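Everything below belongs to data14.txt, which stores compact mmCIF, N, CA and C atoms.
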```
# COMPACT_ATOMS: atom_id res chain seq x y z
N MET A 1 -5.04 -16.52 32.44
CA MET A 1 -4.04 -16.16 31.45
C MET A 1 -3.01 -17.28 31.39
N THR A 2 -2.64 -17.67 30.17
CA THR A 2 -1.68 -18.74 29.96
C THR A 2 -0.35 -18.14 29.52
N ASP A 3 0.73 -18.72 30.02
CA ASP A 3 2.06 -18.26 29.63
C ASP A 3 2.64 -19.24 28.62
N ASN A 4 3.49 -18.73 27.74
CA ASN A 4 4.20 -19.62 26.82
C ASN A 4 5.47 -20.10 27.52
N LEU A 5 6.30 -20.84 26.82
CA LEU A 5 7.51 -21.39 27.43
C LEU A 5 8.48 -20.32 27.89
N LEU A 6 8.42 -19.15 27.29
CA LEU A 6 9.31 -18.06 27.69
C LEU A 6 8.72 -17.24 28.84
N GLY A 7 7.53 -17.60 29.26
CA GLY A 7 6.90 -16.87 30.36
C GLY A 7 6.21 -15.59 29.94
N ILE A 8 6.01 -15.39 28.65
CA ILE A 8 5.35 -14.18 28.16
C ILE A 8 3.84 -14.45 28.14
N PRO A 9 3.07 -13.64 28.84
CA PRO A 9 1.63 -13.90 28.89
C PRO A 9 0.95 -13.71 27.53
N GLU A 10 -0.14 -14.45 27.33
CA GLU A 10 -0.96 -14.29 26.13
C GLU A 10 -1.55 -12.89 26.09
N THR A 11 -1.75 -12.39 24.89
CA THR A 11 -2.47 -11.14 24.71
C THR A 11 -3.86 -11.50 24.22
N ARG A 12 -4.86 -10.91 24.85
CA ARG A 12 -6.25 -11.15 24.51
C ARG A 12 -6.91 -9.80 24.25
N LEU A 13 -7.26 -9.58 23.01
CA LEU A 13 -7.89 -8.32 22.62
C LEU A 13 -9.33 -8.26 23.10
N ALA A 14 -9.82 -7.03 23.22
CA ALA A 14 -11.23 -6.81 23.58
C ALA A 14 -12.12 -7.18 22.42
N VAL A 15 -13.37 -7.43 22.70
CA VAL A 15 -14.35 -7.75 21.66
C VAL A 15 -14.40 -6.60 20.67
N ASP A 16 -14.40 -6.95 19.41
CA ASP A 16 -14.46 -5.97 18.32
C ASP A 16 -15.93 -5.75 17.96
N PRO A 17 -16.46 -4.53 18.17
CA PRO A 17 -17.88 -4.30 17.88
C PRO A 17 -18.24 -4.48 16.40
N ALA A 18 -17.25 -4.44 15.54
CA ALA A 18 -17.52 -4.63 14.11
C ALA A 18 -17.87 -6.08 13.80
N ALA A 19 -17.42 -7.02 14.63
CA ALA A 19 -17.66 -8.44 14.38
C ALA A 19 -19.15 -8.74 14.27
N GLU A 20 -19.94 -8.16 15.15
CA GLU A 20 -21.38 -8.41 15.12
C GLU A 20 -22.00 -7.93 13.81
N ARG A 21 -21.57 -6.78 13.33
CA ARG A 21 -22.09 -6.24 12.06
C ARG A 21 -21.67 -7.11 10.89
N LEU A 22 -20.42 -7.55 10.90
CA LEU A 22 -19.96 -8.44 9.83
C LEU A 22 -20.72 -9.76 9.85
N ASP A 23 -20.92 -10.31 11.05
CA ASP A 23 -21.67 -11.56 11.18
C ASP A 23 -23.11 -11.40 10.70
N ALA A 24 -23.64 -10.18 10.79
CA ALA A 24 -25.01 -9.91 10.34
C ALA A 24 -25.09 -9.69 8.84
N GLY A 25 -23.93 -9.72 8.16
CA GLY A 25 -23.93 -9.59 6.71
C GLY A 25 -23.82 -8.18 6.18
N VAL A 26 -23.49 -7.23 7.05
CA VAL A 26 -23.29 -5.85 6.60
C VAL A 26 -22.05 -5.79 5.72
N ASP A 27 -22.11 -5.02 4.66
CA ASP A 27 -21.00 -4.87 3.72
C ASP A 27 -19.73 -4.48 4.48
N PRO A 28 -18.64 -5.24 4.30
CA PRO A 28 -17.40 -4.95 5.03
C PRO A 28 -16.88 -3.53 4.83
N ALA A 29 -17.09 -2.95 3.66
CA ALA A 29 -16.65 -1.56 3.44
C ALA A 29 -17.42 -0.61 4.34
N GLN A 30 -18.71 -0.84 4.50
CA GLN A 30 -19.51 -0.02 5.41
C GLN A 30 -19.07 -0.21 6.86
N VAL A 31 -18.75 -1.44 7.20
CA VAL A 31 -18.30 -1.73 8.56
C VAL A 31 -16.95 -1.06 8.83
N ALA A 32 -16.03 -1.15 7.88
CA ALA A 32 -14.72 -0.51 8.06
C ALA A 32 -14.86 1.00 8.18
N ALA A 33 -15.79 1.58 7.42
CA ALA A 33 -16.01 3.02 7.52
C ALA A 33 -16.60 3.39 8.88
N ALA A 34 -17.48 2.55 9.40
CA ALA A 34 -18.11 2.83 10.69
C ALA A 34 -17.17 2.52 11.86
N TYR A 35 -16.29 1.54 11.67
CA TYR A 35 -15.36 1.09 12.72
C TYR A 35 -13.96 1.03 12.14
N PRO A 36 -13.35 2.18 11.84
CA PRO A 36 -12.05 2.16 11.15
C PRO A 36 -10.91 1.57 11.98
N THR A 37 -11.09 1.40 13.28
CA THR A 37 -10.04 0.77 14.08
C THR A 37 -10.18 -0.75 14.13
N SER A 38 -11.19 -1.29 13.47
CA SER A 38 -11.43 -2.73 13.49
C SER A 38 -10.49 -3.46 12.54
N SER A 39 -9.56 -4.23 13.09
CA SER A 39 -8.69 -5.01 12.22
C SER A 39 -9.47 -6.11 11.50
N LEU A 40 -10.54 -6.59 12.11
CA LEU A 40 -11.34 -7.63 11.49
C LEU A 40 -12.01 -7.13 10.21
N ALA A 41 -12.56 -5.93 10.24
CA ALA A 41 -13.21 -5.38 9.04
C ALA A 41 -12.20 -5.25 7.91
N TRP A 42 -11.00 -4.77 8.21
CA TRP A 42 -9.97 -4.63 7.18
C TRP A 42 -9.50 -6.00 6.69
N ALA A 43 -9.42 -6.97 7.59
CA ALA A 43 -9.03 -8.33 7.19
C ALA A 43 -10.04 -8.91 6.21
N VAL A 44 -11.32 -8.72 6.48
CA VAL A 44 -12.35 -9.24 5.59
C VAL A 44 -12.26 -8.57 4.22
N LEU A 45 -12.04 -7.26 4.20
CA LEU A 45 -11.87 -6.56 2.93
C LEU A 45 -10.67 -7.11 2.16
N ALA A 46 -9.57 -7.35 2.87
CA ALA A 46 -8.36 -7.90 2.22
C ALA A 46 -8.62 -9.30 1.69
N GLU A 47 -9.26 -10.13 2.48
CA GLU A 47 -9.55 -11.50 2.05
C GLU A 47 -10.47 -11.50 0.82
N ASP A 48 -11.46 -10.61 0.84
CA ASP A 48 -12.37 -10.51 -0.32
C ASP A 48 -11.62 -10.07 -1.57
N ALA A 49 -10.73 -9.09 -1.42
CA ALA A 49 -9.96 -8.60 -2.56
C ALA A 49 -9.03 -9.69 -3.09
N LEU A 50 -8.40 -10.44 -2.20
CA LEU A 50 -7.54 -11.54 -2.63
C LEU A 50 -8.35 -12.61 -3.36
N ALA A 51 -9.54 -12.88 -2.87
CA ALA A 51 -10.39 -13.91 -3.49
C ALA A 51 -10.80 -13.51 -4.90
N ASP A 52 -10.89 -12.21 -5.17
CA ASP A 52 -11.26 -11.75 -6.51
C ASP A 52 -10.17 -12.04 -7.53
N GLY A 53 -8.93 -12.15 -7.06
CA GLY A 53 -7.84 -12.55 -7.94
C GLY A 53 -7.19 -11.45 -8.75
N ASP A 54 -7.82 -10.30 -8.87
CA ASP A 54 -7.22 -9.23 -9.67
C ASP A 54 -7.16 -7.91 -8.89
N ARG A 55 -7.22 -8.02 -7.58
CA ARG A 55 -7.20 -6.82 -6.73
C ARG A 55 -6.10 -6.94 -5.68
N ASP A 56 -4.92 -7.41 -6.11
CA ASP A 56 -3.85 -7.68 -5.16
C ASP A 56 -3.32 -6.43 -4.46
N VAL A 57 -3.20 -5.34 -5.18
CA VAL A 57 -2.71 -4.11 -4.55
C VAL A 57 -3.73 -3.59 -3.55
N GLU A 58 -4.99 -3.67 -3.90
CA GLU A 58 -6.06 -3.27 -2.98
C GLU A 58 -6.03 -4.18 -1.74
N ALA A 59 -5.87 -5.47 -1.95
CA ALA A 59 -5.80 -6.41 -0.83
C ALA A 59 -4.63 -6.07 0.09
N TYR A 60 -3.50 -5.74 -0.50
CA TYR A 60 -2.32 -5.38 0.28
C TYR A 60 -2.61 -4.14 1.15
N ALA A 61 -3.25 -3.16 0.56
CA ALA A 61 -3.56 -1.93 1.31
C ALA A 61 -4.54 -2.22 2.45
N TYR A 62 -5.57 -3.00 2.18
CA TYR A 62 -6.52 -3.37 3.24
C TYR A 62 -5.82 -4.16 4.34
N ALA A 63 -5.02 -5.14 3.95
CA ALA A 63 -4.35 -5.99 4.94
C ALA A 63 -3.37 -5.18 5.78
N ARG A 64 -2.64 -4.29 5.14
CA ARG A 64 -1.68 -3.47 5.89
C ARG A 64 -2.41 -2.55 6.87
N THR A 65 -3.55 -2.01 6.45
CA THR A 65 -4.34 -1.18 7.36
C THR A 65 -4.81 -2.01 8.55
N GLY A 66 -5.36 -3.19 8.28
CA GLY A 66 -5.81 -4.06 9.37
C GLY A 66 -4.68 -4.44 10.30
N TYR A 67 -3.54 -4.74 9.75
CA TYR A 67 -2.37 -5.11 10.53
C TYR A 67 -1.95 -3.97 11.46
N HIS A 68 -1.88 -2.76 10.94
CA HIS A 68 -1.47 -1.62 11.77
C HIS A 68 -2.52 -1.27 12.81
N ARG A 69 -3.79 -1.37 12.45
CA ARG A 69 -4.86 -1.15 13.44
C ARG A 69 -4.75 -2.19 14.55
N ALA A 70 -4.43 -3.42 14.18
CA ALA A 70 -4.29 -4.49 15.17
C ALA A 70 -3.09 -4.25 16.08
N LEU A 71 -1.97 -3.80 15.52
CA LEU A 71 -0.81 -3.51 16.36
C LEU A 71 -1.15 -2.47 17.41
N ASP A 72 -1.91 -1.45 17.02
CA ASP A 72 -2.36 -0.44 17.99
C ASP A 72 -3.18 -1.08 19.10
N SER A 73 -4.11 -1.95 18.73
CA SER A 73 -4.95 -2.63 19.72
C SER A 73 -4.13 -3.55 20.62
N LEU A 74 -3.21 -4.28 20.02
CA LEU A 74 -2.35 -5.17 20.81
C LEU A 74 -1.56 -4.38 21.85
N ARG A 75 -0.98 -3.28 21.43
CA ARG A 75 -0.18 -2.47 22.36
C ARG A 75 -1.05 -1.93 23.49
N ARG A 76 -2.26 -1.49 23.16
CA ARG A 76 -3.18 -1.00 24.20
C ARG A 76 -3.56 -2.12 25.18
N SER A 77 -3.47 -3.36 24.72
CA SER A 77 -3.82 -4.51 25.56
C SER A 77 -2.62 -5.08 26.31
N GLY A 78 -1.49 -4.39 26.26
CA GLY A 78 -0.34 -4.79 27.03
C GLY A 78 0.72 -5.58 26.28
N TRP A 79 0.51 -5.84 25.00
CA TRP A 79 1.47 -6.58 24.19
C TRP A 79 2.74 -5.76 24.04
N ARG A 80 3.88 -6.40 24.18
CA ARG A 80 5.17 -5.70 24.12
C ARG A 80 6.02 -6.15 22.95
N GLY A 81 5.39 -6.54 21.85
CA GLY A 81 6.13 -6.88 20.66
C GLY A 81 6.44 -8.35 20.48
N GLN A 82 6.03 -9.17 21.43
CA GLN A 82 6.23 -10.60 21.31
C GLN A 82 5.28 -11.33 22.25
N GLY A 83 5.19 -12.62 22.02
CA GLY A 83 4.35 -13.44 22.87
C GLY A 83 3.11 -13.91 22.15
N PRO A 84 2.44 -14.88 22.73
CA PRO A 84 1.29 -15.50 22.09
C PRO A 84 0.08 -14.58 21.98
N VAL A 85 -0.58 -14.72 20.83
CA VAL A 85 -1.85 -14.04 20.56
C VAL A 85 -2.78 -15.15 20.09
N PRO A 86 -3.42 -15.85 21.03
CA PRO A 86 -4.10 -17.10 20.69
C PRO A 86 -5.29 -16.96 19.74
N TRP A 87 -5.33 -17.85 18.77
CA TRP A 87 -6.46 -17.97 17.83
C TRP A 87 -7.73 -18.32 18.58
N SER A 88 -7.61 -19.10 19.64
CA SER A 88 -8.78 -19.56 20.40
C SER A 88 -9.55 -18.41 21.03
N HIS A 89 -8.91 -17.27 21.22
CA HIS A 89 -9.60 -16.08 21.74
C HIS A 89 -10.12 -15.31 20.51
N VAL A 90 -11.40 -15.45 20.23
CA VAL A 90 -12.00 -14.97 18.98
C VAL A 90 -11.67 -13.50 18.67
N PRO A 91 -11.68 -12.57 19.63
CA PRO A 91 -11.34 -11.18 19.27
C PRO A 91 -9.93 -10.99 18.71
N ASN A 92 -9.03 -11.96 18.91
CA ASN A 92 -7.68 -11.87 18.33
C ASN A 92 -7.67 -12.17 16.84
N ARG A 93 -8.73 -12.73 16.32
CA ARG A 93 -8.72 -13.20 14.94
C ARG A 93 -8.62 -12.09 13.91
N GLY A 94 -9.06 -10.88 14.22
CA GLY A 94 -8.89 -9.77 13.29
C GLY A 94 -7.41 -9.52 13.01
N PHE A 95 -6.62 -9.50 14.09
CA PHE A 95 -5.18 -9.33 13.93
C PHE A 95 -4.58 -10.49 13.13
N LEU A 96 -4.90 -11.70 13.54
CA LEU A 96 -4.30 -12.88 12.92
C LEU A 96 -4.71 -13.01 11.45
N ARG A 97 -5.95 -12.72 11.15
CA ARG A 97 -6.42 -12.77 9.76
C ARG A 97 -5.79 -11.65 8.93
N SER A 98 -5.63 -10.46 9.51
CA SER A 98 -4.96 -9.36 8.80
C SER A 98 -3.53 -9.72 8.48
N LEU A 99 -2.85 -10.33 9.44
CA LEU A 99 -1.46 -10.72 9.23
C LEU A 99 -1.35 -11.79 8.14
N ALA A 100 -2.24 -12.76 8.16
CA ALA A 100 -2.24 -13.79 7.12
C ALA A 100 -2.56 -13.19 5.76
N ALA A 101 -3.52 -12.28 5.71
CA ALA A 101 -3.87 -11.63 4.44
C ALA A 101 -2.71 -10.78 3.94
N LEU A 102 -1.99 -10.14 4.86
CA LEU A 102 -0.83 -9.35 4.45
C LEU A 102 0.25 -10.26 3.86
N ALA A 103 0.46 -11.41 4.45
CA ALA A 103 1.43 -12.37 3.89
C ALA A 103 1.03 -12.77 2.47
N ARG A 104 -0.24 -13.09 2.29
CA ARG A 104 -0.72 -13.51 0.97
C ARG A 104 -0.65 -12.37 -0.05
N ALA A 105 -1.04 -11.18 0.38
CA ALA A 105 -1.01 -10.04 -0.54
C ALA A 105 0.42 -9.66 -0.88
N ALA A 106 1.32 -9.75 0.09
CA ALA A 106 2.73 -9.48 -0.19
C ALA A 106 3.26 -10.46 -1.23
N ARG A 107 2.90 -11.73 -1.09
CA ARG A 107 3.30 -12.74 -2.08
C ARG A 107 2.75 -12.37 -3.45
N ALA A 108 1.49 -11.96 -3.49
CA ALA A 108 0.83 -11.65 -4.76
C ALA A 108 1.49 -10.49 -5.49
N ILE A 109 2.08 -9.54 -4.76
CA ILE A 109 2.73 -8.40 -5.42
C ILE A 109 4.25 -8.56 -5.47
N GLY A 110 4.73 -9.73 -5.08
CA GLY A 110 6.16 -10.01 -5.22
C GLY A 110 7.03 -9.57 -4.07
N GLU A 111 6.45 -9.25 -2.93
CA GLU A 111 7.20 -8.84 -1.74
C GLU A 111 7.55 -10.06 -0.91
N ARG A 112 8.48 -10.86 -1.40
CA ARG A 112 8.80 -12.14 -0.76
C ARG A 112 9.37 -11.99 0.65
N ASP A 113 10.20 -10.98 0.89
CA ASP A 113 10.75 -10.78 2.23
C ASP A 113 9.65 -10.46 3.23
N GLU A 114 8.73 -9.59 2.82
CA GLU A 114 7.62 -9.25 3.71
C GLU A 114 6.72 -10.46 3.94
N GLU A 115 6.48 -11.22 2.90
CA GLU A 115 5.68 -12.44 3.05
C GLU A 115 6.31 -13.35 4.11
N ALA A 116 7.60 -13.57 4.01
CA ALA A 116 8.29 -14.44 4.97
C ALA A 116 8.21 -13.88 6.39
N ARG A 117 8.40 -12.58 6.55
CA ARG A 117 8.30 -11.96 7.88
C ARG A 117 6.90 -12.13 8.46
N CYS A 118 5.89 -11.93 7.63
CA CYS A 118 4.50 -12.05 8.10
C CYS A 118 4.16 -13.48 8.48
N VAL A 119 4.59 -14.43 7.69
CA VAL A 119 4.34 -15.84 8.00
C VAL A 119 5.03 -16.21 9.32
N ALA A 120 6.27 -15.78 9.49
CA ALA A 120 6.99 -16.07 10.73
C ALA A 120 6.30 -15.42 11.93
N PHE A 121 5.85 -14.18 11.76
CA PHE A 121 5.17 -13.46 12.84
C PHE A 121 3.87 -14.17 13.19
N LEU A 122 3.13 -14.61 12.18
CA LEU A 122 1.88 -15.33 12.42
C LEU A 122 2.16 -16.62 13.20
N ARG A 123 3.13 -17.37 12.78
CA ARG A 123 3.46 -18.63 13.46
C ARG A 123 3.96 -18.39 14.88
N ASP A 124 4.74 -17.32 15.07
CA ASP A 124 5.20 -16.99 16.42
C ASP A 124 4.05 -16.54 17.32
N SER A 125 3.06 -15.89 16.73
CA SER A 125 1.91 -15.40 17.50
C SER A 125 0.94 -16.53 17.84
N SER A 126 0.66 -17.38 16.85
CA SER A 126 -0.30 -18.46 17.06
C SER A 126 -0.12 -19.53 15.99
N ILE A 127 0.50 -20.62 16.37
CA ILE A 127 0.67 -21.71 15.42
C ILE A 127 -0.69 -22.25 15.00
N GLU A 128 -1.66 -22.21 15.91
CA GLU A 128 -3.02 -22.65 15.58
C GLU A 128 -3.61 -21.76 14.47
N ALA A 129 -3.40 -20.46 14.56
CA ALA A 129 -3.90 -19.56 13.52
C ALA A 129 -3.22 -19.85 12.20
N ALA A 130 -1.92 -20.09 12.23
CA ALA A 130 -1.20 -20.39 10.99
C ALA A 130 -1.77 -21.63 10.33
N ARG A 131 -2.09 -22.65 11.14
CA ARG A 131 -2.70 -23.86 10.59
C ARG A 131 -4.10 -23.57 10.05
N GLU A 132 -4.91 -22.89 10.84
CA GLU A 132 -6.29 -22.59 10.42
C GLU A 132 -6.34 -21.75 9.14
N LEU A 133 -5.37 -20.85 9.01
CA LEU A 133 -5.36 -19.92 7.87
C LEU A 133 -4.47 -20.42 6.73
N GLY A 134 -3.97 -21.62 6.85
CA GLY A 134 -3.22 -22.25 5.77
C GLY A 134 -1.84 -21.71 5.54
N LEU A 135 -1.22 -21.18 6.58
CA LEU A 135 0.14 -20.67 6.45
C LEU A 135 1.04 -21.34 7.48
```
Translate the structure of the given file into structure tokens.
Amino acid sequence: MTDNLLGIPETRLAVDPAAERLDAGVDPAQVAAAYPTSSLAWAVLAEDALADGDRDVEAYAYARTGYHRALDSLRRSGWRGQGPVPWSHVPNRGFLRSLAALARAARAIGERDEEARCVAFLRDSSIEAARELGL
């Protein structure tokens, strides 16, 4: 386990069983229905909706669901509201992708304050994720 400069240990989520199904090409909606606690499944749905360009409200709802599911998982993993959530630990990517999608969806519906909060939270959690996800 690596500590940041403040001495707060990294949070590393457990493997998400939905990841294997998504990697196998199963429809993300089916995966989210089968694994509703999977932040990764909700992140993929949000990203897909954002990519469509005309489903911003739907993307926001998916991203917010993924974000809240991820917060539950983070808390169960010992996270106390701050500290690193490294991108390099692949199971953390559902949370980080949900957070990035929520920032983008918030921007798309005009929620500038929420967008800023989400971008700051993403950067505080993992600067590497912010770079990888273009935020």
(Q) So the first atom is atom CA of A:Ala14 and the second is atom CA of A:Ala105; what is the distance between them in Å, to one decimal place? (A) 26.4 Å
Q: Have a look at A:Ser73, A:Thr65, A:Gln82, A:Gln30 and name the one nearest to A:Glu10; count only N, CA and C atoms.
A: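 Residue with the minimum atom-to-atom distance to A:Glu10: A:Gln82.
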Q) Got a sec: who's within 6 Å of A:Tyr67, counting all atoms listed in the file, leaving out chain neighbours fewer than 5 positions off, as JSON, numbers by chain? A) {"A": [39, 62, 98, 99]}
(Q) Can you pull out the residues contacting A:Thr37? Cut-off 8 Å, using all atoms listed in the file, and skip same-chain residues under 4 positions away; I want them as a list in words. (A)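 That gives Asp16, Val31, Ala32, Ala33, Ala41, Trp42, Thr65, Gly66, His68, Arg69, Ala70 and Ser73 of chain A.
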Residues just named, written with N, CA and C atoms as a PDB file, in the frame of the given file:
```
ATOM      1  N   ASP A  16     -14.400  -6.950  19.410  1.00  0.00           N
ATOM      2  CA  ASP A  16     -14.460  -5.970  18.320  1.00  0.00           C
ATOM      3  C   ASP A  16     -15.930  -5.750  17.960  1.00  0.00           C
ATOM      4  N   VAL A  31     -18.750  -1.440   7.200  1.00  0.00           N
ATOM      5  CA  VAL A  31     -18.300  -1.730   8.560  1.00  0.00           C
ATOM      6  C   VAL A  31     -16.950  -1.060   8.830  1.00  0.00           C
ATOM      7  N   ALA A  32     -16.030  -1.150   7.880  1.00  0.00           N
ATOM      8  CA  ALA A  32     -14.720  -0.510   8.060  1.00  0.00           C
ATOM      9  C   ALA A  32     -14.860   1.000   8.180  1.00  0.00           C
ATOM     10  N   ALA A  33     -15.790   1.580   7.420  1.00  0.00           N
ATOM     11  CA  ALA A  33     -16.010   3.020   7.520  1.00  0.00           C
ATOM     12  C   ALA A  33     -16.600   3.390   8.880  1.00  0.00           C
ATOM     13  N   ALA A  41     -12.560  -5.930  10.240  1.00  0.00           N
ATOM     14  CA  ALA A  41     -13.210  -5.380   9.040  1.00  0.00           C
ATOM     15  C   ALA A  41     -12.200  -5.250   7.910  1.00  0.00           C
ATOM     16  N   TRP A  42     -11.000  -4.770   8.210  1.00  0.00           N
ATOM     17  CA  TRP A  42      -9.970  -4.630   7.180  1.00  0.00           C
ATOM     18  C   TRP A  42      -9.500  -6.000   6.690  1.00  0.00           C
ATOM     19  N   THR A  65      -3.550  -2.010   6.450  1.00  0.00           N
ATOM     20  CA  THR A  65      -4.340  -1.180   7.360  1.00  0.00           C
ATOM     21  C   THR A  65      -4.810  -2.010   8.550  1.00  0.00           C
ATOM     22  N   GLY A  66      -5.360  -3.190   8.280  1.00  0.00           N
ATOM     23  CA  GLY A  66      -5.810  -4.060   9.370  1.00  0.00           C
ATOM     24  C   GLY A  66      -4.680  -4.440  10.300  1.00  0.00           C
ATOM     25  N   HIS A  68      -1.880  -2.760  10.940  1.00  0.00           N
ATOM     26  CA  HIS A  68      -1.470  -1.620  11.770  1.00  0.00           C
ATOM     27  C   HIS A  68      -2.520  -1.270  12.810  1.00  0.00           C
ATOM     28  N   ARG A  69      -3.790  -1.370  12.450  1.00  0.00           N
ATOM     29  CA  ARG A  69      -4.860  -1.150  13.440  1.00  0.00           C
ATOM     30  C   ARG A  69      -4.750  -2.190  14.550  1.00  0.00           C
ATOM     31  N   ALA A  70      -4.430  -3.420  14.180  1.00  0.00           N
ATOM     32  CA  ALA A  70      -4.290  -4.490  15.170  1.00  0.00           C
ATOM     33  C   ALA A  70      -3.090  -4.250  16.080  1.00  0.00           C
ATOM     34  N   SER A  73      -4.110  -1.950  18.730  1.00  0.00           N
ATOM     35  CA  SER A  73      -4.950  -2.630  19.720  1.00  0.00           C
ATOM     36  C   SER A  73      -4.130  -3.550  20.620  1.00  0.00           C
TER      37      SER A  73
END
```
**Q.** Residues within 10 Å of A:Leu133, only C-alpha atoms, excluding chain neighbours under 5 positions, as a PyMOL selection string
**A.** chain A and resi 96-97+100-101+122+127-128
Q.
as a VMD selection string, please: every residue in chain A that DSSP puts in alpha helix (DSSP H).
A. chain A and resid 17 to 23 28 to 34 39 to 52 56 to 76 93 to 108 112 to 125 127 to 132
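Closest approach to A:Gly94 among A:Ala61, A:Ala34, A:Leu50, A:Leu71: A:Leu71, based on only C-alpha atoms.
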Please list, as a CSV table (one decimal) with N, CA and C atoms, in the coordinates of the input, the residues that have an atom at most 8 Å away from (-2.5, -6.5, -2.9) in the coordinates of this file, counting only N, CA and C atoms.
```
chain,number,residue,atom,x,y,z
A,46,ALA,N,-9.6,-7.4,2.9
A,46,ALA,CA,-8.4,-7.9,2.2
A,46,ALA,C,-8.6,-9.3,1.7
A,49,ALA,N,-10.7,-9.1,-1.4
A,49,ALA,CA,-10.0,-8.6,-2.6
A,49,ALA,C,-9.0,-9.7,-3.1
A,50,LEU,N,-8.4,-10.4,-2.2
A,50,LEU,CA,-7.5,-11.5,-2.6
A,50,LEU,C,-8.4,-12.6,-3.4
A,54,ASP,N,-7.8,-10.3,-8.9
A,54,ASP,CA,-7.2,-9.2,-9.7
A,54,ASP,C,-7.2,-7.9,-8.9
A,55,ARG,N,-7.2,-8.0,-7.6
A,55,ARG,CA,-7.2,-6.8,-6.7
A,55,ARG,C,-6.1,-6.9,-5.7
A,56,ASP,N,-4.9,-7.4,-6.1
A,56,ASP,CA,-3.8,-7.7,-5.2
A,56,ASP,C,-3.3,-6.4,-4.5
A,57,VAL,N,-3.2,-5.3,-5.2
A,57,VAL,CA,-2.7,-4.1,-4.6
A,57,VAL,C,-3.7,-3.6,-3.6
A,58,GLU,N,-5.0,-3.7,-3.9
A,58,GLU,CA,-6.1,-3.3,-3.0
A,58,GLU,C,-6.0,-4.2,-1.7
A,59,ALA,N,-5.9,-5.5,-2.0
A,59,ALA,CA,-5.8,-6.4,-0.8
A,59,ALA,C,-4.6,-6.1,0.1
A,60,TYR,N,-3.5,-5.7,-0.5
A,60,TYR,CA,-2.3,-5.4,0.3
A,60,TYR,C,-2.6,-4.1,1.2
A,61,ALA,N,-3.2,-3.2,0.6
A,61,ALA,CA,-3.6,-1.9,1.3
A,61,ALA,C,-4.5,-2.2,2.4
A,62,TYR,N,-5.6,-3.0,2.2
A,62,TYR,CA,-6.5,-3.4,3.2
A,62,TYR,C,-5.8,-4.2,4.3
A,63,ALA,N,-5.0,-5.1,4.0
A,63,ALA,CA,-4.4,-6.0,4.9
A,63,ALA,C,-3.4,-5.2,5.8
A,104,ARG,N,-0.2,-13.1,2.3
A,104,ARG,CA,-0.7,-13.5,1.0
A,104,ARG,C,-0.6,-12.4,0.0
A,105,ALA,N,-1.0,-11.2,0.4
A,105,ALA,CA,-1.0,-10.0,-0.5
A,105,ALA,C,0.4,-9.7,-0.9
A,106,ALA,N,1.3,-9.8,0.1
A,106,ALA,CA,2.7,-9.5,-0.2
A,106,ALA,C,3.3,-10.5,-1.2
A,107,ARG,N,2.9,-11.7,-1.1
A,107,ARG,CA,3.3,-12.7,-2.1
A,107,ARG,C,2.8,-12.4,-3.4
A,108,ALA,N,1.5,-12.0,-3.5
A,108,ALA,CA,0.8,-11.6,-4.8
A,108,ALA,C,1.5,-10.5,-5.5
A,109,ILE,N,2.1,-9.5,-4.8
A,109,ILE,CA,2.7,-8.4,-5.4
A,109,ILE,C,4.2,-8.6,-5.5
```
Counting all atoms listed in the file, which residues in stretch 7-65 of chain A sit no more than 7 Å from stretch 76-79 of chain A? For each one, give the nearest pair of atoms and the distance in Å, sorted by chain then residue number, as JSON lines.
```
{"residue": "A:Thr11", "atom": "CA", "partner": "A:Trp79", "partner_atom": "CA", "distance": 6.0}
{"residue": "A:Arg12", "atom": "C", "partner": "A:Ser77", "partner_atom": "CA", "distance": 6.3}
{"residue": "A:Leu13", "atom": "CA", "partner": "A:Ser77", "partner_atom": "CA", "distance": 6.3}
{"residue": "A:Ala14", "atom": "N", "partner": "A:Ser77", "partner_atom": "CA", "distance": 6.9}
```
(Q) Please compute the atom N of A:Ser125-atom C of A:Arg80 distance, one decimal, in Å. (A)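 The value is 11.9 Å.
Atom pair atom C of A:Val26 / atom CA of A:Leu74: separated by 24.8 Å.
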Q | Polymer residues at most 8 Å from (-5.6, -18.8, 18.6) by only C-alpha atoms, as number ranges by chain | A | A: 85-90, 92-93, 126-129
